[in-house]
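The next block holds one structure in the form of structure tokens; read it before the comments.
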Amino acid sequence: MSIVTLLPFIVLIGAMFLMTRSAKKKQQAAAQMRDEMQPGTGVRTIGGMYATVKEIGDETVLLEVAPGVHAVYAKNSIGAVLEDSEYNRIVHGDDPESDTDAVVPDDASSLTETAEATEKDAETAESEDAAPKADLTKKADAAEAATEGQKDGKTDGETDAK
């Protein structure tokens with residue numbers, strides 16, 4: 001047997017060794033992260049749900065998913081343990097870097113609108129309310145079709161052929 005025929009097997013064994021080693025490192029890092037969990041810590045599950053840790057058991061963790069709503073999860077389902085600032089930014093929308101209390105309107109019209117335009121819009125809305133409404137029912141169409149049928153003395157389905 002030559003070295004050329006053994007080379008693919010050597011490469012395959014080496015690749016398997018590297019893959020298992022990196023997978024082991026990831027498992028160890030995940031286990032260490034889960035060991036760092038403490039009650040009050042914000043976490044993200046592997047399903048993408050954000051919650052606060054309430055109690056930690058041997059294989060399970062009690063999470064508060066909403067105020068007063070608790071759920072038991074397996075420890076392995078915890079995808080990430082978050083820092084307080086990151087958890088508050090994601091869940092509560094708190095941004096510690098922006099100390100401004102600016103209110104952002106839902107649309108930009110209030111930024112460009114003047115008092116006169118607002119009054120004009122109110123007057124237009126009042127005048128539209130006073131205008132008569134159109135009757136959109138099909139009563140008129142049905143009555144018209146009935147009178148047309150009576151004019152030529154024929155009913156539906158009759159023809160001139162005799």
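Letters A, B, ... go to the chains of the structure tokens in the order shown; residues in each chain start at 1; ligands are counted from 1 in the same order.
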Quick one: residues within 10 Å of Gly47 of chain A, only C-alpha atoms counted, chain neighbours fewer than 5 positions away excluded, as an mmCIF file with N, CA and C atoms, in the first residue's frame?
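Here's the written file around.cif:
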```
data_model
loop_
_atom_site.group_PDB
_atom_site.id
_atom_site.type_symbol
_atom_site.label_atom_id
_atom_site.label_comp_id
_atom_site.auth_asym_id
_atom_site.auth_seq_id
_atom_site.Cartn_x
_atom_site.Cartn_y
_atom_site.Cartn_z
ATOM 1 N N SER A 77 -32.070 24.951 26.676
ATOM 2 C CA SER A 77 -32.827 25.814 25.761
ATOM 3 C C SER A 77 -32.401 27.280 25.867
ATOM 4 N N ILE A 78 -31.502 27.601 26.781
ATOM 5 C CA ILE A 78 -31.015 28.977 26.914
ATOM 6 C C ILE A 78 -29.936 29.203 25.858
ATOM 7 N N GLY A 79 -30.199 30.132 24.946
ATOM 8 C CA GLY A 79 -29.263 30.395 23.854
ATOM 9 C C GLY A 79 -28.216 31.434 24.199
#
```
For this session: Write out as a VMD selection string which residues come within 9 Å of segment 64-66 of chain A when counting only C-alpha atoms, dropping same-chain ones fewer than 5 positions away.
Result: chain A and resid 49 to 54 71 to 72
For this session: Could you check how far atom CA of Val61 of chain A sits from atom CA of Val91 of chain A, in Å to one decimal?
Result: 19.5 Å
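Here atom CA of Gln38 of chain A and atom CA of Ala74 of chain A stand 15.0 Å from one another.
Residue nearest Pro39 of chain A within the list A:Pro8, A:Ala80, A:Leu63, A:Lys25: A:Leu63 [criterion: smallest interatomic distance, only C-alpha atoms].
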Problem set entry | Two-atom distance - atom CA of Glu83 of chain A, atom CA of Met33 of chain A (Å) |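 Separation between atom CA of Glu83 of chain A and atom CA of Met33 of chain A: 11.8 Å.
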Exercise. For Leu82 of chain A, which residue among A:Leu62, A:Met37, A:Ile46, A:Met19 is the nearest when counting only C-alpha atoms?
Worked result: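 Of A:Leu62, A:Met37, A:Ile46, A:Met19, the one nearest Leu82 of chain A, counting only C-alpha atoms, is A:Met37.
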